[in-house]
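Data file: coords33.cif. Format and content: mmCIF, C-alpha atoms and all ligand atoms.
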data_my_file
loop_
_atom_site.label_atom_id
_atom_site.label_comp_id
_atom_site.auth_asym_id
_atom_site.auth_seq_id
_atom_site.Cartn_x
_atom_site.Cartn_y
_atom_site.Cartn_z
CA MET I 1 -35.76 78.54 -53.62
CA SER I 2 -32.76 79.54 -55.67
CA PHE I 3 -29.55 80.92 -54.22
CA ARG I 4 -26.72 82.69 -55.95
CA LEU I 5 -23.68 82.78 -53.74
CA ILE I 6 -19.98 83.56 -53.94
CA LEU I 7 -17.34 81.91 -51.80
CA ALA I 8 -14.27 84.13 -51.41
CA GLY I 9 -11.09 84.08 -49.37
CA PRO I 10 -7.34 83.89 -49.88
CA PRO I 11 -5.65 80.88 -51.45
CA GLY I 12 -5.62 78.04 -48.93
CA ALA I 13 -8.67 79.30 -47.02
CA GLY I 14 -10.44 76.03 -47.75
CA LYS I 15 -12.83 77.39 -50.39
CA GLY I 16 -12.93 74.20 -52.44
CA THR I 17 -13.65 71.95 -49.47
CA GLN I 18 -16.32 74.21 -48.05
CA ALA I 19 -17.88 74.86 -51.45
CA THR I 20 -18.74 71.17 -51.72
CA THR I 21 -20.61 71.21 -48.40
CA VAL I 22 -22.58 74.35 -49.14
CA SER I 23 -23.50 73.25 -52.64
CA GLU I 24 -24.74 69.85 -51.42
CA ARG I 25 -26.70 71.44 -48.62
CA LEU I 26 -28.43 73.95 -50.86
CA GLY I 27 -28.69 71.70 -53.91
CA ILE I 28 -26.83 74.10 -56.18
CA PRO I 29 -23.72 73.43 -58.28
CA ALA I 30 -20.33 74.60 -56.98
CA ILE I 31 -18.51 76.30 -59.81
CA SER I 32 -14.77 76.77 -59.35
CA THR I 33 -12.89 78.78 -61.97
CA GLY I 34 -9.62 77.27 -60.68
CA GLU I 35 -11.02 73.76 -61.24
CA ILE I 36 -12.26 74.66 -64.72
CA PHE I 37 -8.82 76.01 -65.61
CA ARG I 38 -7.10 72.91 -64.22
CA SER I 39 -9.29 70.64 -66.31
CA GLU I 40 -8.74 72.80 -69.41
CA MET I 41 -4.98 72.62 -68.78
CA ALA I 42 -5.15 68.85 -68.40
CA SER I 43 -6.86 68.52 -71.79
CA GLN I 44 -4.48 71.10 -73.30
CA SER I 45 -7.32 73.09 -74.83
CA ASP I 46 -6.69 76.60 -76.18
CA VAL I 47 -8.09 78.11 -72.98
CA GLY I 48 -5.98 75.72 -70.90
CA LEU I 49 -2.78 76.58 -72.73
CA GLU I 50 -3.46 80.30 -72.38
CA ALA I 51 -4.38 80.01 -68.68
CA GLN I 52 -1.32 77.92 -67.85
CA ARG I 53 1.08 80.80 -68.46
CA TYR I 54 -0.61 82.86 -65.79
CA ILE I 55 -1.49 80.15 -63.30
CA SER I 56 2.00 78.66 -63.19
CA GLU I 57 3.36 82.06 -62.11
CA GLY I 58 0.64 82.77 -59.58
CA ASN I 59 -0.95 85.52 -61.67
CA LEU I 60 -4.63 85.91 -62.43
CA VAL I 61 -5.84 84.70 -65.81
CA PRO I 62 -6.98 87.76 -67.85
CA ASP I 63 -10.52 88.90 -67.12
CA SER I 64 -11.67 88.44 -70.73
CA VAL I 65 -10.79 84.73 -70.66
CA THR I 66 -12.13 84.14 -67.15
CA ASN I 67 -15.38 86.00 -67.70
CA GLU I 68 -16.04 84.02 -70.85
CA ILE I 69 -15.64 80.62 -69.17
CA VAL I 70 -17.98 81.72 -66.38
CA ARG I 71 -20.51 83.06 -68.86
CA ARG I 72 -20.52 79.68 -70.61
CA ARG I 73 -20.73 77.73 -67.37
CA LEU I 74 -23.62 79.80 -65.99
CA ALA I 75 -25.54 79.19 -69.20
CA GLN I 76 -25.64 75.45 -68.42
CA PRO I 77 -29.07 74.22 -67.28
CA ASP I 78 -27.90 73.13 -63.79
CA ALA I 79 -26.98 76.74 -62.93
CA ALA I 80 -30.41 78.12 -63.78
CA GLU I 81 -31.77 77.57 -60.28
CA GLY I 82 -28.75 78.93 -58.43
CA PHE I 83 -25.05 78.31 -57.95
CA LEU I 84 -22.10 78.80 -55.66
CA LEU I 85 -19.14 80.47 -57.31
CA ASP I 86 -15.79 79.43 -55.81
CA GLY I 87 -12.90 81.76 -56.64
CA TYR I 88 -14.84 84.12 -58.92
CA PRO I 89 -15.13 87.11 -59.09
CA ARG I 90 -11.55 87.99 -58.14
CA THR I 91 -11.29 91.46 -59.72
CA LEU I 92 -13.54 94.51 -59.98
CA ASP I 93 -13.86 93.91 -63.73
CA GLN I 94 -15.14 90.38 -63.00
CA ILE I 95 -17.76 91.80 -60.64
CA SER I 96 -19.05 94.05 -63.42
CA ALA I 97 -19.09 91.16 -65.88
CA LEU I 98 -20.96 88.93 -63.42
CA ASP I 99 -23.45 91.68 -62.62
CA GLU I 100 -24.17 92.01 -66.32
CA MET I 101 -24.56 88.27 -66.89
CA LEU I 102 -27.14 88.11 -64.11
CA ALA I 103 -28.88 91.38 -64.85
CA ASP I 104 -29.74 90.08 -68.32
CA ASP I 105 -32.07 87.65 -66.52
CA GLY I 106 -33.14 90.09 -63.78
CA LEU I 107 -30.99 88.26 -61.20
CA SER I 108 -28.33 89.24 -58.66
CA ILE I 109 -25.96 87.73 -56.09
CA ASP I 110 -27.53 86.98 -52.69
CA ALA I 111 -24.35 86.95 -50.63
CA MET I 112 -20.57 86.71 -50.68
CA LEU I 113 -19.11 84.45 -48.00
CA ASP I 114 -15.54 85.43 -47.22
CA ILE I 115 -13.39 82.89 -45.37
CA GLU I 116 -10.72 84.84 -43.47
CA ILE I 117 -7.24 83.54 -42.59
CA SER I 118 -3.86 85.21 -42.01
CA ASP I 119 -0.95 85.24 -44.49
CA GLU I 120 1.14 83.00 -42.19
CA GLU I 121 -1.67 80.48 -42.07
CA ILE I 122 -2.03 80.60 -45.88
CA MET I 123 1.64 79.80 -46.44
CA GLY I 124 1.62 76.89 -43.96
CA ARG I 125 -1.53 75.36 -45.41
CA LEU I 126 -0.47 75.65 -49.04
CA LEU I 127 2.93 74.14 -48.41
CA LYS I 128 1.16 71.22 -46.76
CA ARG I 129 -1.27 70.95 -49.69
CA ALA I 130 1.71 70.94 -52.09
CA GLU I 131 2.97 67.76 -50.43
CA ILE I 132 -0.43 66.10 -50.74
CA GLU I 133 -1.78 67.27 -54.10
CA GLY I 134 1.37 68.32 -55.95
CA ARG I 135 -0.24 71.35 -57.57
CA ALA I 136 2.28 73.17 -59.78
CA ASP I 137 1.29 76.58 -58.35
CA ASP I 138 1.89 75.56 -54.71
CA THR I 139 5.65 76.25 -54.61
CA PRO I 140 6.88 78.80 -51.97
CA GLU I 141 7.65 81.52 -54.56
CA VAL I 142 4.39 81.12 -56.42
CA ILE I 143 2.41 80.99 -53.16
CA ALA I 144 4.02 84.24 -51.98
CA HIS I 145 3.09 85.87 -55.26
CA ARG I 146 -0.50 84.57 -55.10
CA ILE I 147 -0.83 86.07 -51.62
CA SER I 148 0.26 89.49 -52.87
CA VAL I 149 -2.02 89.23 -55.91
CA TYR I 150 -4.84 88.39 -53.53
CA HIS I 151 -4.25 91.51 -51.42
CA GLU I 152 -3.88 93.82 -54.41
CA ALA I 153 -6.45 92.61 -56.89
CA THR I 154 -8.95 90.62 -54.91
CA GLU I 155 -9.39 92.29 -51.53
CA PRO I 156 -11.13 95.31 -53.11
CA ILE I 157 -13.96 93.04 -54.22
CA LEU I 158 -14.80 92.45 -50.57
CA ASP I 159 -15.44 96.18 -50.17
CA ALA I 160 -17.75 96.16 -53.16
CA PHE I 161 -19.95 93.48 -51.60
CA ARG I 162 -19.67 95.05 -48.14
CA GLU I 163 -21.05 98.29 -49.59
CA ARG I 164 -23.97 96.34 -51.03
CA GLY I 165 -24.63 94.80 -47.60
CA LYS I 166 -23.92 91.37 -49.08
CA LEU I 167 -20.63 90.45 -47.40
CA ILE I 168 -20.59 87.73 -44.74
CA SER I 169 -17.19 87.25 -43.06
CA ILE I 170 -16.38 83.79 -41.75
CA ASN I 171 -13.52 83.03 -39.35
CA GLY I 172 -11.45 80.48 -41.30
CA LEU I 173 -9.30 79.28 -38.39
CA GLY I 174 -9.95 75.87 -36.92
CA THR I 175 -10.83 72.48 -38.29
CA ILE I 176 -12.72 71.92 -41.55
CA GLY I 177 -15.73 70.91 -39.46
CA GLU I 178 -15.61 74.04 -37.30
CA VAL I 179 -15.41 76.33 -40.31
CA ARG I 180 -18.20 74.37 -42.00
CA GLU I 181 -20.44 74.90 -38.95
CA ARG I 182 -19.81 78.65 -39.07
CA ILE I 183 -20.60 78.78 -42.77
CA VAL I 184 -23.77 76.73 -42.43
CA ALA I 185 -24.97 78.92 -39.54
CA ALA I 186 -24.24 82.12 -41.48
CA VAL I 187 -25.93 80.85 -44.64
CA ASN I 188 -28.98 79.69 -42.70
CA GLU I 189 -29.32 83.03 -40.99
CA ARG I 190 -28.84 85.09 -44.15
CA LEU I 191 -31.09 82.98 -46.34
CA GLY I 192 -33.71 82.42 -43.68
CA LEU I 193 -33.25 78.62 -43.62
CA ASP I 194 -33.18 76.34 -40.60
P1 LIG I 201 -7.81 78.50 -57.27
O1 LIG I 201 -8.00 77.04 -57.48
O2 LIG I 201 -9.11 79.22 -57.04
O3 LIG I 201 -6.78 78.82 -56.22
O4 LIG I 201 -7.24 79.09 -58.64
C1 LIG I 201 -5.98 78.67 -59.14
C2 LIG I 201 -5.46 79.70 -60.14
O5 LIG I 201 -6.38 79.80 -61.24
C3 LIG I 201 -5.35 81.12 -59.59
O6 LIG I 201 -4.11 81.33 -58.91
C4 LIG I 201 -5.43 81.93 -60.88
O7 LIG I 201 -4.21 81.89 -61.59
C5 LIG I 201 -6.47 81.15 -61.69
N1 LIG I 201 -7.83 81.65 -61.40
C6 LIG I 201 -8.83 81.00 -60.74
N2 LIG I 201 -9.93 81.76 -60.64
C7 LIG I 201 -9.62 82.94 -61.27
C8 LIG I 201 -10.31 84.16 -61.48
N3 LIG I 201 -11.56 84.35 -61.03
N4 LIG I 201 -9.67 85.14 -62.16
C9 LIG I 201 -8.42 84.97 -62.65
N5 LIG I 201 -7.70 83.87 -62.44
C10 LIG I 201 -8.28 82.86 -61.77
#

Full structure transcribed into structure tokens:
Amino acid sequence: MSFRLILAGPPGAGKGTQATTVSERLGIPAISTGEIFRSEMASQSDVGLEAQRYISEGNLVPDSVTNEIVRRRLAQPDAAEGFLLDGYPRTLDQISALDEMLADDGLSIDAMLDIEISDEEIMGRLLKRAEIEGRADDTPEVIAHRISVYHEATEPILDAFRERGKLISINGLGTIGEVRERIVAAVNERLGLD
């Protein structure tokens, strides 16, 4: 069986951690646009240098750039039998682009899993992560800006998937293990697995 899933949620919701579990469980690659950008920045490629300007200020990388890296990544052989997108789509334009990429092959997204946490929780978690990982975009000012970008640009995408009957909301409070259990249960139920 092939599954095409999206993992959404505000910064700090634990998307990256949970994406690993879900992808291993379902045998599909986890594709994180944030990770791709970080590796492009590390190698100082053209895409990396362009993305850096936006990422360092907590802004979204322009849709044209982001859609193109996803288009290229989804064309890789390991994504042919399904994938879990982590952190994409984040804008309505990205939804349209993704729909088109899939429609070319007669495919569509099975479900969007949205990990929900409050703004206060986001700030606390990201400040803690800053101490551990030292990510340049985890400073208090940049975090605050990323939270507002999330509410303005990204929350509307939840409505789009809700209208399609594809949105699954997950309570993101609790330990990594507790949230993982909720995600696994929701995925099993939606995809008819056991
Ligand atoms: P993340 O690791 O998902 O928190 O992403 C880190 C940063 O990469 C974000 O704050 C954005 O600047 C950029 N980014 C990641 N995914 C996207 C996307 N789908 N659209 C635009 N920018 C993105």

Of I:Asn171, I:Ser96, I:Ser2, I:Ser108, the one nearest to I:Ser64 when counting all atoms listed in the file is I:Ser96

(message) Show me which residues line ligand LIG 201 (chain I), defined as having an atom within 7 Å of a ligand atom where all atoms listed in the file count, and present them as an MDAnalysis selection string.
(response) chainID I and resid 11 32:35 37 54:55 58:63 66 86:91 146

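The closest residue to I:Glu141, picked from I:Leu113, I:Ser56, I:Ala103, I:Arg190 and counting all atoms listed in the file, is I:Ser56.
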
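Every protein or nucleic acid residue with an atom no more than 10 Å from I:Ile95, counting only C-alpha atoms and leaving out same-chain residues fewer than 6 positions away, appears here: Asn67, Tyr88, Pro89, Met101, Ile157, Ala160 and Phe161 of chain I.
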
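Distance-wise, atom CA of I:Gly174 and atom CA of I:Tyr150 end up 21.4 Å apart.
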
- request: May I have the residues within 8 Å of I:Ile176 as a PyMOL selection string, using only C-alpha atoms and disregarding those fewer than 4 positions away in the same chain?
  value: chain I and resi 14+17-18+180

Atom CA of I:Ile28 to atom CA of I:Pro77 measures 11.3 Å

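Atom CA of I:Leu107 lies 28.8 Å from atom CA of I:Ala51.
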
Surrounding residues of stretch 130-133 of chain I excluding itself and chain neighbours under 5 positions, 12 Å, all atoms listed in the file, as a list in words: Gly12, Met123, Gly124, Arg125, Asp138, Thr139, Pro140, Val142 and Ile143 of chain I

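Counting all atoms listed in the file, the residue from I:Ser118, I:Asp110, I:Asp46, I:Ala136 that sits nearest to I:Gly192 is I:Asp110.
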